[in-house]
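Asker: Dropping in query_18.cif, with mmCIF, C-alpha atoms and all ligand atoms.
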data_my_file
loop_
_atom_site.label_atom_id
_atom_site.label_comp_id
_atom_site.auth_asym_id
_atom_site.auth_seq_id
_atom_site.Cartn_x
_atom_site.Cartn_y
_atom_site.Cartn_z
CA MET A 1 124.80 118.87 80.84
CA THR A 2 124.88 115.83 78.53
CA LEU A 3 124.23 112.10 78.84
CA ALA A 4 127.86 111.62 79.89
CA ASP A 5 127.04 113.40 83.18
CA VAL A 6 124.41 110.80 84.05
CA GLY A 7 125.80 107.96 86.16
CA GLY A 8 124.82 104.44 85.09
CA MET A 9 121.40 104.10 83.41
CA HIS A 10 122.91 102.36 80.37
CA GLU A 11 119.67 100.72 79.28
CA VAL A 12 117.77 103.98 79.48
CA LYS A 13 120.48 105.76 77.51
CA ASP A 14 120.50 103.06 74.83
CA ARG A 15 116.75 103.23 74.43
CA LEU A 16 116.75 107.02 74.20
CA GLU A 17 119.54 106.82 71.63
CA ALA A 18 117.68 104.29 69.49
CA ALA A 19 114.28 105.95 69.86
CA PHE A 20 115.24 109.41 68.72
CA LEU A 21 118.76 110.69 69.34
CA ALA A 22 120.29 108.61 66.54
CA PRO A 23 117.47 109.17 64.01
CA MET A 24 117.52 112.88 64.78
CA ARG A 25 121.25 113.16 64.14
CA ASN A 26 121.10 111.16 60.89
CA PRO A 27 118.46 112.53 58.54
CA GLU A 28 119.85 110.59 55.54
CA LEU A 29 119.56 107.25 57.30
CA ARG A 30 116.10 108.21 58.45
CA LYS A 31 115.08 108.68 54.85
CA LEU A 32 116.74 105.45 53.77
CA TYR A 33 114.89 103.36 56.32
CA GLY A 34 111.68 105.31 56.07
CA LYS A 35 111.64 105.98 59.77
CA SER A 36 109.40 108.86 60.65
CA LEU A 37 110.62 111.01 63.48
CA ARG A 38 107.67 110.98 65.77
CA GLY A 39 106.27 109.00 68.64
CA GLY A 40 106.38 108.93 72.37
CA LEU A 41 108.17 107.36 75.26
CA LEU A 42 106.99 107.26 78.86
CA LEU A 43 109.67 107.13 81.56
CA TYR A 44 108.45 105.69 84.83
CA GLY A 45 109.93 104.55 88.11
CA PRO A 46 110.42 105.39 91.78
CA PRO A 47 110.89 109.03 92.82
CA GLY A 48 114.34 110.57 92.79
CA CYS A 49 115.94 108.09 90.40
CA GLY A 50 116.73 110.47 87.59
CA LYS A 51 113.77 110.77 85.23
CA THR A 52 113.85 114.55 85.20
CA TYR A 53 117.63 114.48 85.41
CA ILE A 54 118.10 112.32 82.31
CA ALA A 55 115.60 114.44 80.40
CA ARG A 56 117.77 117.46 81.20
CA ALA A 57 120.75 115.53 79.82
CA VAL A 58 118.85 114.81 76.61
CA ALA A 59 118.15 118.53 76.43
CA GLY A 60 121.90 119.11 76.68
CA GLU A 61 122.45 116.73 73.77
CA LEU A 62 119.83 118.38 71.61
CA GLY A 63 120.25 122.03 72.54
CA ALA A 64 117.43 124.24 71.32
CA ARG A 65 115.47 121.32 70.01
CA PHE A 66 114.25 120.36 73.46
CA MET A 67 111.18 121.80 75.17
CA SER A 68 110.39 120.92 78.74
CA VAL A 69 107.23 121.53 80.72
CA SER A 70 105.73 120.16 83.90
CA ILE A 71 102.09 119.17 83.46
CA SER A 72 101.11 121.04 86.60
CA ASP A 73 102.29 124.24 84.88
CA VAL A 74 99.92 123.55 82.00
CA LEU A 75 96.93 122.97 84.24
CA ASP A 76 94.83 125.99 84.97
CA MET A 77 91.76 126.23 87.15
CA TRP A 78 89.83 128.20 84.55
CA ILE A 79 87.79 126.06 82.20
CA GLY A 80 89.41 125.83 78.79
CA ASN A 81 92.75 127.35 79.75
CA SER A 82 94.56 124.03 80.25
CA GLU A 83 93.46 122.90 76.80
CA ARG A 84 94.61 126.15 75.28
CA ASN A 85 97.98 125.87 77.03
CA LEU A 86 98.44 122.35 75.66
CA ARG A 87 97.49 123.43 72.15
CA GLN A 88 99.98 126.28 72.23
CA LEU A 89 102.69 124.02 73.59
CA PHE A 90 102.30 121.51 70.76
CA GLU A 91 102.05 124.28 68.17
CA THR A 92 105.39 125.66 69.33
CA ALA A 93 106.88 122.15 69.26
CA ARG A 94 105.67 121.59 65.68
CA ARG A 95 107.11 124.93 64.60
CA ASN A 96 110.47 123.91 66.06
CA ALA A 97 110.54 120.37 64.64
CA PRO A 98 112.61 118.27 64.75
CA CYS A 99 112.42 118.52 68.50
CA VAL A 100 111.68 116.66 71.70
CA LEU A 101 108.82 117.79 73.90
CA PHE A 102 109.25 116.67 77.50
CA LEU A 103 106.11 116.44 79.65
CA ASP A 104 107.15 115.97 83.27
CA GLU A 105 104.88 114.75 86.10
CA LEU A 106 102.32 113.40 83.67
CA ASP A 107 100.34 111.81 86.51
CA ALA A 108 99.15 115.31 87.49
CA LEU A 109 96.48 114.72 84.85
CA GLY A 110 95.36 111.42 86.33
CA ALA A 111 95.43 112.49 89.94
CA LYS A 112 93.39 115.57 89.26
CA ARG A 113 90.94 113.61 87.15
CA SER A 114 89.99 111.35 90.03
CA GLN A 115 88.87 114.36 92.03
CA ILE A 116 85.20 114.48 91.22
CA ARG A 117 84.97 118.22 91.62
CA ASN A 118 87.36 118.78 88.77
CA THR A 119 85.20 117.87 85.78
CA GLY A 120 87.34 119.86 83.37
CA MET A 121 90.16 117.33 83.57
CA ARG A 122 88.51 114.95 81.12
CA ASN A 123 88.66 117.71 78.53
CA THR A 124 92.33 118.28 79.26
CA VAL A 125 93.14 114.60 78.77
CA ASN A 126 91.14 114.62 75.55
CA GLN A 127 93.03 117.67 74.34
CA LEU A 128 96.32 115.93 75.03
CA LEU A 129 95.10 112.89 73.07
CA THR A 130 94.21 115.15 70.16
CA GLU A 131 97.58 116.86 70.25
CA LEU A 132 99.46 113.57 70.45
CA ASP A 133 97.60 112.31 67.38
CA GLY A 134 98.38 115.48 65.49
CA VAL A 135 95.68 117.51 63.79
CA ASP A 136 96.10 115.61 60.57
CA GLY A 137 98.26 112.51 60.20
CA SER A 138 101.54 114.27 59.51
CA ALA A 139 101.30 117.32 61.77
CA ASN A 140 103.52 115.78 64.41
CA ASP A 141 106.33 114.71 62.09
CA GLY A 142 109.55 115.58 63.85
CA VAL A 143 107.93 115.99 67.26
CA PHE A 144 109.02 113.35 69.71
CA VAL A 145 107.17 113.31 73.01
CA LEU A 146 109.04 112.20 76.10
CA ALA A 147 107.01 112.01 79.31
CA ALA A 148 107.75 111.05 82.92
CA THR A 149 105.71 109.86 85.85
CA ASN A 150 106.10 107.84 89.00
CA HIS A 151 102.48 106.69 88.83
CA PRO A 152 102.11 105.17 85.35
CA TRP A 153 99.04 103.32 86.60
CA ASP A 154 97.34 106.68 87.11
CA VAL A 155 98.03 107.71 83.54
CA ASP A 156 94.95 107.38 81.34
CA THR A 157 95.36 104.17 79.32
CA ALA A 158 94.21 106.00 76.20
CA LEU A 159 97.42 108.03 76.40
CA ARG A 160 99.44 104.84 76.07
CA ARG A 161 97.82 103.54 72.88
CA PRO A 162 99.88 103.02 69.69
CA GLY A 163 101.09 106.22 68.13
CA ARG A 164 100.90 108.07 71.43
CA LEU A 165 103.07 107.36 74.48
CA ASP A 166 103.20 103.76 73.36
CA ARG A 167 106.59 102.79 74.75
CA MET A 168 107.33 102.62 78.47
CA LEU A 169 110.79 102.69 79.94
CA LEU A 170 111.59 101.87 83.56
CA VAL A 171 114.06 104.16 85.32
CA LEU A 172 115.47 102.19 88.24
CA PRO A 173 117.48 103.12 91.33
CA PRO A 174 121.19 103.40 90.47
CA ASP A 175 123.26 100.21 90.57
CA ARG A 176 126.44 99.97 92.59
CA THR A 177 128.76 101.60 90.05
CA ALA A 178 126.27 104.36 89.39
CA ARG A 179 125.93 104.99 93.14
CA GLU A 180 129.66 105.34 93.42
CA GLY A 181 129.57 107.91 90.63
CA ILE A 182 126.67 109.83 92.14
CA ILE A 183 128.25 109.99 95.63
CA HIS A 184 131.50 111.13 94.06
CA HIS A 185 129.62 113.78 92.12
CA HIS A 186 128.07 115.21 95.29
CA LEU A 187 131.31 115.18 97.30
CA LYS A 188 133.72 116.45 94.71
CA ASP A 189 133.29 120.13 95.57
CA ARG A 190 133.37 119.60 99.34
CA PRO A 191 136.38 119.18 101.64
CA VAL A 192 136.66 115.43 102.14
CA ALA A 193 139.30 113.09 103.54
CA GLY A 194 139.58 109.31 103.60
CA ILE A 195 136.32 108.52 101.82
CA ASP A 196 135.80 104.91 100.76
CA LEU A 197 133.39 105.32 97.84
CA ALA A 198 133.20 101.59 97.11
CA LYS A 199 132.11 100.84 100.67
CA LEU A 200 129.45 103.56 100.61
CA ALA A 201 128.14 102.32 97.27
CA LYS A 202 127.94 98.81 98.65
CA ARG A 203 125.94 99.92 101.67
CA THR A 204 123.41 102.05 99.79
CA GLU A 205 121.53 99.37 97.86
CA GLY A 206 118.06 100.67 96.92
CA PHE A 207 118.96 104.32 97.47
CA SER A 208 117.76 106.73 94.81
CA GLY A 209 119.97 109.45 93.34
CA ALA A 210 118.09 111.95 95.48
CA ASP A 211 118.68 109.81 98.61
CA LEU A 212 122.41 109.77 97.87
CA ARG A 213 122.48 113.53 97.48
CA HIS A 214 120.70 113.80 100.82
CA LEU A 215 123.26 111.46 102.39
CA CYS A 216 126.13 113.68 101.26
CA GLU A 217 124.37 116.79 102.50
CA SER A 218 123.71 115.24 105.92
CA ALA A 219 127.36 114.24 106.25
CA ALA A 220 128.45 117.78 105.37
CA GLU A 221 126.04 119.10 107.98
CA ARG A 222 127.58 116.86 110.63
CA ALA A 223 131.09 118.08 109.85
CA LEU A 224 129.88 121.67 109.88
CA LEU A 225 128.13 121.39 113.25
CA ASP A 226 131.19 119.71 114.69
CA SER A 227 133.41 122.52 113.38
CA VAL A 228 131.12 125.09 114.93
CA ARG A 229 131.28 123.29 118.26
CA THR A 230 135.05 122.91 118.33
CA GLY A 231 135.78 126.23 116.63
CA ARG A 232 138.04 124.47 114.16
CA ALA A 233 137.04 123.62 110.58
CA ARG A 234 137.60 119.98 109.69
CA MET A 235 137.19 117.71 106.68
CA ILE A 236 134.13 115.57 105.98
CA GLU A 237 135.16 112.07 106.99
CA MET A 238 133.93 108.56 106.46
CA SER A 239 132.46 108.57 109.98
CA ASP A 240 130.18 111.47 109.01
CA LEU A 241 128.87 109.54 106.03
CA LEU A 242 128.39 106.32 107.96
CA GLY A 243 126.70 108.22 110.79
CA ALA A 244 124.34 109.90 108.33
CA LEU A 245 123.73 106.57 106.62
CA ASP A 246 122.52 105.02 109.88
CA GLN A 247 119.71 107.57 109.99
CA LEU A 248 118.56 107.02 106.40
CA ARG A 249 116.34 104.49 104.71
CA PRO A 250 116.06 104.17 100.92
CA SER A 251 113.00 106.14 99.85
CA THR A 252 112.17 103.79 96.97
CA GLY A 253 110.68 101.06 99.22
CA PRO A 254 107.08 102.31 99.30
CA TRP A 255 107.10 102.81 95.54
CA PHE A 256 108.14 99.22 94.89
CA ALA A 257 105.49 98.00 97.34
CA SER A 258 102.68 99.56 95.31
CA ALA A 259 104.33 98.86 91.97
CA ARG A 260 104.54 95.19 92.85
CA ASN A 261 100.77 94.86 93.09
CA VAL A 262 100.24 96.57 89.76
CA ALA A 263 102.92 94.50 88.02
CA GLN A 264 101.47 91.28 89.42
CA PHE A 265 97.76 91.86 89.06
CA ALA A 266 97.30 94.59 86.48
CA ASN A 267 100.07 93.97 83.96
CA ASP A 268 97.79 94.79 81.05
CA GLY A 269 99.36 93.76 77.76
CA GLY A 270 102.73 93.18 79.41
CA ALA A 271 103.26 96.89 80.01
CA TYR A 272 105.10 96.16 83.25
CA ASP A 273 107.21 93.19 82.13
CA GLU A 274 110.40 95.16 82.69
CA LEU A 275 109.32 95.90 86.26
CA LEU A 276 108.39 92.24 86.88
CA THR A 277 111.81 91.08 85.68
CA TYR A 278 113.51 93.53 88.02
CA LEU A 279 111.35 92.57 91.01
CA LYS A 280 112.10 88.90 90.41
CA ARG A 281 115.82 89.54 90.06
CA LYS A 282 115.82 91.51 93.32
CA LYS A 283 113.72 88.79 95.01
CA MET A 284 110.97 91.27 95.79
CA LEU A 285 108.29 89.07 94.31
N1 LIG A 301 121.96 108.62 87.43
C1 LIG A 301 122.20 109.73 88.15
N2 LIG A 301 123.40 110.34 88.12
C2 LIG A 301 123.66 111.43 88.87
N3 LIG A 301 122.75 112.02 89.68
C3 LIG A 301 121.53 111.46 89.76
C4 LIG A 301 121.18 110.31 88.99
N4 LIG A 301 119.90 109.98 89.28
C5 LIG A 301 119.46 110.91 90.14
N5 LIG A 301 120.44 111.81 90.45
C6 LIG A 301 120.32 112.92 91.40
O1 LIG A 301 119.06 112.83 92.04
C7 LIG A 301 118.30 114.01 91.84
C8 LIG A 301 116.84 113.65 91.67
O2 LIG A 301 116.62 113.07 90.42
P1 LIG A 301 115.34 113.47 89.54
O3 LIG A 301 114.75 114.73 89.99
O4 LIG A 301 115.71 113.34 88.12
O5 LIG A 301 114.38 112.26 89.93
P2 LIG A 301 112.96 111.91 89.30
O6 LIG A 301 113.07 110.47 88.84
O7 LIG A 301 112.56 112.92 88.30
O8 LIG A 301 112.05 111.95 90.58
P3 LIG A 301 110.49 112.31 90.71
O9 LIG A 301 109.79 111.08 90.25
O10 LIG A 301 110.33 112.56 92.16
O11 LIG A 301 110.24 113.49 89.84
C9 LIG A 301 118.92 114.67 90.62
O12 LIG A 301 118.79 116.06 90.68
C10 LIG A 301 120.37 114.26 90.71
O13 LIG A 301 121.07 115.15 91.55
MG MG A 302 111.03 114.35 88.26
#
Please lay out the structure from this file as structure tokens.
Answerer:
Amino acid sequence: MTLADVGGMHEVKDRLEAAFLAPMRNPELRKLYGKSLRGGLLLYGPPGCGKTYIARAVAGELGARFMSVSISDVLDMWIGNSERNLRQLFETARRNAPCVLFLDELDALGAKRSQIRNTGMRNTVNQLLTELDGVDGSANDGVFVLAATNHPWDVDTALRRPGRLDRMLLVLPPDRTAREGIIHHHLKDRPVAGIDLAKLAKRTEGFSGADLRHLCESAAERALLDSVRTGRARMIEMSDLLGALDQLRPSTGPWFASARNVAQFANDGGAYDELLTYLKRKKML
């Protein structure tokens, strides 16, 4: 899988390209401009809109130079083990530099930390800070950290300081063209007839990529049940999709409701400017 398989998301792709894909492919230019290959980028946005998906595409672009781990896999109930896991992870990344280290579900650190019983979490966050800074100044040269979360406000602010995950990038629900592409992607291996992709895309404003996949699966289920009932297999038709659509609501609504408060009242240092612009454009503010 490569970036070409990801529908829409042009801004996200451009930023990923500028942040590390281009510098990684062009070592001579990197030298010329004195750009060090290190740093971090935090992807955030509503669930199901392609954060993990686009990271997989970046992995496809980079091949072996991409390491992916979900933070919950690093966490361990035994005191000290989470820290050791993190240390080993970064050591492997440094050995494989230049590479991208993808930390998915970063909020697992924050959520756990707020549970009073789990006092070890502070140490885990501290260990991550240490690893992000590199043991000495240059240890992390060639290690680019990409992280994802749908609760950036739960991510320890210390993790977002300069030199760490200092850039944030909003991953939004797919626009109309992207929705058309995503629906097409999920129908292309199924028996369909008379599907009006443009109409479906138009009627699925606010739907996440995951919602659209669910829509296609529900429509397939309808056609299947019908075939079972009549004893005759039939194609998936527009009526199946529209019927399924009637039963579905975009799952991104609740996320935007809580994100709106943060963007309005806790936009520390302009971190959520991108989100504010989007909310204004969509008249959600
Ligand atoms: N731009 C896209 N193009 C094609 N498919 C997409 C796109 N965005 C999302 N999808 C589909 O939606 C699914 C869910 O996306 P993904 O798991 O990347 O969301 P996420 O942002 O990581 O969500 P979460 O915050 O819940 O982890 C993907 O597996 C993919 O099938
Ligand atoms: Mg994900």
Asker: Compute the set of protein, DNA and RNA residues whose minimum atom distance to ligand MG 302 (chain A) is at most 10 Å, using only C-alpha atoms and all ligand atoms, and state it as number ranges by chain.
Answerer: A: 43-55, 70, 104-106, 148-150
Asker: Edge lengths and centre in Å to one decimal, as AutoDock Vina command-line options, is what I'm after for the box along x, y and z that holds all listed atoms of ligand LIG 301 (chain A) once 5 Å is added on each side.
Answerer:
--center_x 116.7 --center_y 112.3 --center_z 89.8 --size_x 23.9 --size_y 17.4 --size_z 14.7
Asker: What is the distance, in Å and to one decimal place, between CA of Asn123 (chain A) and atom O4 of ligand LIG 301 (chain A)?
Answerer: 29.0 Å
Asker: What does the distance between CA of Leu41 (chain A) and CA of Phe20 (chain A) come to in Å, to one decimal place?
Answerer: 9.8 Å
Asker: Select, counting all atoms listed in the file, all protein, DNA and RNA residues no farther than 12 Å from (117.2, 101.7, 93.6) in file coordinates, and express the selection as an MDAnalysis selection string.
Answerer: chainID A and resid 8:9 45:50 170:176 178:179 201 204:212 249:256 278:279 282
Asker: Have a look at A:Thr277, A:Asn267, A:Ser218, A:Thr177 and name the one nearest to ligand LIG 301 (chain A); count all atoms listed in the file.
Answerer: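 The closest residue to ligand LIG 301 (chain A) is A:Thr177.
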Asker: For Ser82 (chain A), list every protein, DNA or RNA residue within 10 Å, evaluated using all atoms listed in the file, and leave out those in the same chain fewer than 6 positions away; present the list as a list in words.
Answerer: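 So the residues in contact are Ile71, Ser72, Asp73, Val74, Leu75, Asp76, Gln88, Gly120, Met121, Asn123, Thr124, Val125, Gln127 and Leu128 of chain A.
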Asker: Just to confirm, what's the straight-line distance from CA of Leu245 (chain A) to CA of His184 (chain A) in Å (one decimal)?
Answerer: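 Calculated distance between CA of Leu245 (chain A) and CA of His184 (chain A) is 15.5 Å.
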Asker: Could you check which of A:Leu32, A:Ile183, A:Cys216, A:Ala263 is closest to Leu248 (chain A), using all atoms listed in the file?
Answerer: A:Cys216
Asker: Near Asn96 (chain A), counting only C-alpha atoms, which residues have an atom at most 9 Å away, once you skip same-chain residues fewer than 2 positions from it, shown as a list in words?
Answerer: Ala64, Arg65, Glu91, Thr92, Ala93, Arg94, Pro98, Cys99, Gly142 and Val143 of chain A
Asker: Just write the chosen residues, C-alpha atoms, as a PDB file, in the frame of the given file.
Answerer:
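As written to disk, part06.pdb reads:
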ATOM      1  CA  ALA A  64     117.430 124.240  71.320  1.00  0.00           C
ATOM      2  CA  ARG A  65     115.470 121.320  70.010  1.00  0.00           C
ATOM      3  CA  GLU A  91     102.050 124.280  68.170  1.00  0.00           C
ATOM      4  CA  THR A  92     105.390 125.660  69.330  1.00  0.00           C
ATOM      5  CA  ALA A  93     106.880 122.150  69.260  1.00  0.00           C
ATOM      6  CA  ARG A  94     105.670 121.590  65.680  1.00  0.00           C
ATOM      7  CA  PRO A  98     112.610 118.270  64.750  1.00  0.00           C
ATOM      8  CA  CYS A  99     112.420 118.520  68.500  1.00  0.00           C
ATOM      9  CA  GLY A 142     109.550 115.580  63.850  1.00  0.00           C
ATOM     10  CA  VAL A 143     107.930 115.990  67.260  1.00  0.00           C
TER      11      VAL A 143
END
